[in-house]
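Undergrad: Please find one structure pasted underneath; my questions will follow.
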Amino acid sequence: MKVFILAALLFASNAFAINITAQSWLETDDQGNLIEGSNITEVRSIASITKLMTVMAVLDNNQNMQEKIGKYTRDQLIQLALVKSDNNAAKVLCDNFPGGRFECIRYMNEKANYLGMTRTKFVEPTGLSPMNISTALDLLRMVFEASHYPEIVKASQTAVLNIQVGKKIQSFNNTNPIIGKRHNFIVSKTGTTSAAGGCIVMMLDTEIGRR
């Protein structure tokens, strides 16, 4: 299976076009071998791509996915954080991490270090802070790791998230508008802040439809 991986930072919404506008980006094969890229070790703010690490921290600690925190379960908060890129969902997940937000952030940084993401730093769980930083090369490592989590793959393939709260169904569109329209996504996460610009990381199977 051939896999296309893109870690693009700054105005990367047109990443599949011939003229890539991202100031920092890369493309690899499914083994992580670089196909092409630019400024792959340049440190930049990563906006809501942060939420991939927030969710991995929660999942690594085997917390009860069906525990209700406010009006949503932990599993629903994970899907909201990834599909809708909901900042409050990410905050609640981190605040309810064993030991609270401090331990959550500490774990996120420890995991980044374990993955060899040497130029990455997290200071909060949402990506709103410009001090959440990484490089395209580091994000490649995070995307590979994220691909092993079924909850993240599920969110990456969800075009519209439907959550029942009481008798009402709440619907949330994926922040990546091409989910469900083309490509078989394995990992996808977008992000946008004034400091980071538009960001996106994606892992997808480019062989679907050719077999």
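Letters A, B, ... go to the chains of the structure tokens in the order shown; residues in each chain start at 1; ligands are counted from 1 in the same order.
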As a ChimeraX atom specification, please: every residue in segment 4-207 of chain A that a backbone DSSP assignment puts in helix (DSSP H, G or I).
TA: /A:47-60,74-84,87-95,100-114,136-146,150-156
Undergrad: Write out as number ranges by chain the residues lying within 9 Å of Gln76 of chain A, counting only C-alpha atoms and excluding same-chain residues fewer than 5 positions away.
TA: A: 65-66, 81, 89, 163
Undergrad: Would you return as a count of residues only the members of chain A that DSSP assigns to strand (DSSP E or B) on this structure's backbone?
TA: 57
Undergrad: Which residues come within 8 Å of Glu124 of chain A, counting only C-alpha atoms, excluding same-chain residues fewer than 5 positions away, as a VMD selection string?
TA: chain A and resid 105 129 132
Undergrad: From the list A:Ala90, A:Val143, A:Val83, A:Asn62, which residue is nearest Pro177 of chain A when using only C-alpha atoms?
TA: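 With only C-alpha atoms as the atom set, the closest residue is A:Val83.
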Undergrad: Skipping near chain neighbours, those fewer than 5 positions away, what residues fall within 10 Å of Val92 of chain A using only C-alpha atoms, listed as a ChimeraX atom specification?
TA: /A:69-70,74,77-78,81,87,97,100-101,125
Undergrad: Atom CA of Asn184 of chain A and atom CA of Asn39 of chain A are how many Å apart?
TA: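 Going from atom CA of Asn184 of chain A over to atom CA of Asn39 of chain A, I get 27.0 Å.
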Undergrad: Which of these residues is nearest to Leu140 of chain A, using only C-alpha atoms: A:Asp205, A:Glu103, A:Asp29, A:Asp60?
TA: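 Among A:Asp205, A:Glu103, A:Asp29, A:Asp60, it is A:Asp29 that comes nearest to Leu140 of chain A.
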Undergrad: When you look at Gly191 of chain A with a cut-off of 7 Å (counting only C-alpha atoms), what residues show up, excluding the ones that are within fewer than 2 positions of it in the same chain? I need them as number ranges by chain.
TA: A: 47-49, 189, 193, 198-200
Undergrad: Please identify all polymer residues within 12 Å of Glu110 of chain A, counting only C-alpha atoms, omitting same-chain residues fewer than 3 positions from it, and present them as number ranges by chain.
TA: A: 53-54, 56-57, 103-107, 113-118, 120-122
Undergrad: Any chance you could export the current selection's all heavy atoms as a short mmCIF file (atom, residue, chain, number, x, y, z; two decimals), in the first residue's frame?
TA:
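Output below, filename out.cif:
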```cif
data_model
loop_
_atom_site.label_atom_id
_atom_site.label_comp_id
_atom_site.auth_asym_id
_atom_site.auth_seq_id
_atom_site.Cartn_x
_atom_site.Cartn_y
_atom_site.Cartn_z
N MET A 53 -1.50 15.55 19.37
CA MET A 53 -0.72 15.11 20.52
C MET A 53 -1.57 15.12 21.79
O MET A 53 -1.42 14.24 22.65
CB MET A 53 0.51 15.98 20.71
CG MET A 53 1.47 15.48 21.78
SD MET A 53 2.16 13.84 21.41
CE MET A 53 3.55 14.29 20.35
N THR A 54 -2.46 16.08 21.93
CA THR A 54 -3.36 16.11 23.08
C THR A 54 -4.17 14.83 23.17
O THR A 54 -4.28 14.20 24.22
CB THR A 54 -4.31 17.32 22.99
OG1 THR A 54 -3.55 18.53 22.88
CG2 THR A 54 -5.21 17.41 24.21
N MET A 56 -3.52 11.91 21.68
CA MET A 56 -2.67 10.75 21.92
C MET A 56 -2.31 10.63 23.39
O MET A 56 -2.24 9.52 23.94
CB MET A 56 -1.41 10.82 21.05
CG MET A 56 -1.68 10.48 19.59
SD MET A 56 -0.17 10.19 18.62
CE MET A 56 0.44 11.87 18.42
N ALA A 57 -2.09 11.75 24.06
CA ALA A 57 -1.79 11.72 25.50
C ALA A 57 -2.93 11.10 26.28
O ALA A 57 -2.73 10.26 27.15
CB ALA A 57 -1.50 13.14 26.00
N GLU A 103 0.25 17.93 34.10
CA GLU A 103 0.74 16.59 33.76
C GLU A 103 0.44 16.25 32.31
O GLU A 103 1.22 15.54 31.65
CB GLU A 103 0.12 15.55 34.70
CG GLU A 103 0.68 15.58 36.10
CD GLU A 103 2.18 15.31 36.12
OE1 GLU A 103 2.64 14.41 35.39
OE2 GLU A 103 2.89 16.02 36.88
N CYS A 104 -0.67 16.75 31.80
CA CYS A 104 -1.03 16.52 30.40
C CYS A 104 0.02 17.13 29.47
O CYS A 104 0.52 16.46 28.56
CB CYS A 104 -2.40 17.10 30.11
SG CYS A 104 -2.98 16.91 28.41
N ILE A 105 0.37 18.37 29.72
CA ILE A 105 1.37 19.06 28.89
C ILE A 105 2.73 18.40 29.04
O ILE A 105 3.48 18.23 28.07
CB ILE A 105 1.45 20.56 29.25
CG1 ILE A 105 0.07 21.23 29.05
CG2 ILE A 105 2.50 21.26 28.40
CD1 ILE A 105 -0.48 21.12 27.65
N ARG A 106 3.05 18.02 30.26
CA ARG A 106 4.34 17.35 30.48
C ARG A 106 4.41 16.05 29.69
O ARG A 106 5.42 15.75 29.05
CB ARG A 106 4.53 17.05 31.97
CG ARG A 106 5.90 16.45 32.31
CD ARG A 106 6.03 16.13 33.78
NE ARG A 106 5.11 15.08 34.19
CZ ARG A 106 5.32 13.77 33.98
NH1 ARG A 106 6.43 13.37 33.36
NH2 ARG A 106 4.45 12.89 34.38
N TYR A 107 3.31 15.30 29.70
CA TYR A 107 3.30 14.04 28.95
C TYR A 107 3.42 14.30 27.46
O TYR A 107 4.12 13.56 26.74
CB TYR A 107 2.01 13.27 29.26
CG TYR A 107 1.99 11.91 28.59
CD1 TYR A 107 2.50 10.78 29.25
CD2 TYR A 107 1.51 11.74 27.29
CE1 TYR A 107 2.51 9.54 28.63
CE2 TYR A 107 1.52 10.51 26.67
CZ TYR A 107 2.02 9.41 27.35
OH TYR A 107 2.04 8.19 26.72
N ASN A 113 9.42 14.02 22.71
CA ASN A 113 10.83 13.69 22.86
C ASN A 113 11.09 12.22 22.54
O ASN A 113 12.06 11.87 21.85
CB ASN A 113 11.29 14.01 24.27
CG ASN A 113 12.78 13.78 24.47
OD1 ASN A 113 13.60 14.43 23.84
ND2 ASN A 113 13.12 12.85 25.35
N TYR A 114 10.20 11.35 23.01
CA TYR A 114 10.32 9.91 22.75
C TYR A 114 10.26 9.61 21.25
O TYR A 114 10.96 8.72 20.75
CB TYR A 114 9.20 9.17 23.49
CG TYR A 114 9.09 7.71 23.13
CD1 TYR A 114 9.98 6.78 23.65
CD2 TYR A 114 8.09 7.27 22.26
CE1 TYR A 114 9.88 5.43 23.32
CE2 TYR A 114 7.98 5.93 21.92
CZ TYR A 114 8.89 5.01 22.45
OH TYR A 114 8.78 3.69 22.10
N LEU A 115 9.42 10.36 20.53
CA LEU A 115 9.27 10.15 19.09
C LEU A 115 10.41 10.78 18.28
O LEU A 115 10.44 10.65 17.05
CB LEU A 115 7.92 10.73 18.61
CG LEU A 115 6.67 10.04 19.14
CD1 LEU A 115 5.42 10.80 18.71
CD2 LEU A 115 6.60 8.59 18.67
N GLY A 116 11.32 11.47 18.96
CA GLY A 116 12.42 12.11 18.26
C GLY A 116 12.08 13.47 17.68
O GLY A 116 12.78 13.98 16.80
N MET A 117 11.00 14.07 18.22
CA MET A 117 10.59 15.40 17.76
C MET A 117 11.37 16.45 18.54
O MET A 117 10.86 17.12 19.43
CB MET A 117 9.07 15.55 17.95
CG MET A 117 8.26 14.53 17.17
SD MET A 117 6.49 14.47 17.61
CE MET A 117 5.96 16.13 17.15
N THR A 118 12.63 16.60 18.20
CA THR A 118 13.58 17.38 19.00
C THR A 118 13.36 18.89 18.92
O THR A 118 13.87 19.61 19.78
CB THR A 118 15.02 17.06 18.57
OG1 THR A 118 15.18 17.36 17.17
CG2 THR A 118 15.34 15.58 18.80
N THR A 120 10.27 20.31 18.82
CA THR A 120 8.85 20.51 19.12
C THR A 120 8.65 20.85 20.58
O THR A 120 9.32 20.30 21.45
CB THR A 120 8.06 19.22 18.78
OG1 THR A 120 8.17 18.96 17.37
CG2 THR A 120 6.59 19.35 19.15
N LYS A 121 7.70 21.75 20.84
CA LYS A 121 7.38 22.13 22.21
C LYS A 121 5.89 22.44 22.31
O LYS A 121 5.33 23.11 21.44
CB LYS A 121 8.19 23.34 22.66
CG LYS A 121 7.90 23.78 24.10
CD LYS A 121 8.73 25.01 24.48
CE LYS A 121 8.43 25.45 25.90
NZ LYS A 121 9.20 26.67 26.27
N PHE A 122 5.27 21.96 23.38
CA PHE A 122 3.87 22.25 23.66
C PHE A 122 3.76 22.98 24.99
O PHE A 122 4.40 22.59 25.97
CB PHE A 122 3.05 20.96 23.74
CG PHE A 122 3.08 20.13 22.49
CD1 PHE A 122 3.87 18.99 22.41
CD2 PHE A 122 2.31 20.49 21.40
CE1 PHE A 122 3.90 18.23 21.26
CE2 PHE A 122 2.34 19.73 20.23
CZ PHE A 122 3.14 18.60 20.17
#
```
Undergrad: Nearest residue to Thr50 of chain A out of A:Lys181, A:Ser147, A:Ser134, A:Ser194, using only C-alpha atoms?
TA: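 Closest residue, counting only C-alpha atoms: A:Ser134.
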Undergrad: Rounded to one decimal in Å, what is the spacing between atom CA of Gly127 of chain A and atom CA of Lys154 of chain A?
TA: 21.2 Å
Undergrad: Between A:Pro150, A:Pro98, A:Gly37, A:Gly197, which residue has the minimum interatomic distance to Ser24 of chain A, considering only C-alpha atoms?
TA: A:Gly37
Undergrad: For a test of reading the model, state the distance in Å between atom CA of Leu128 of chain A and atom CA of Ala196 of chain A, rounded to one decimal.
TA: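 The value is 9.5 Å.
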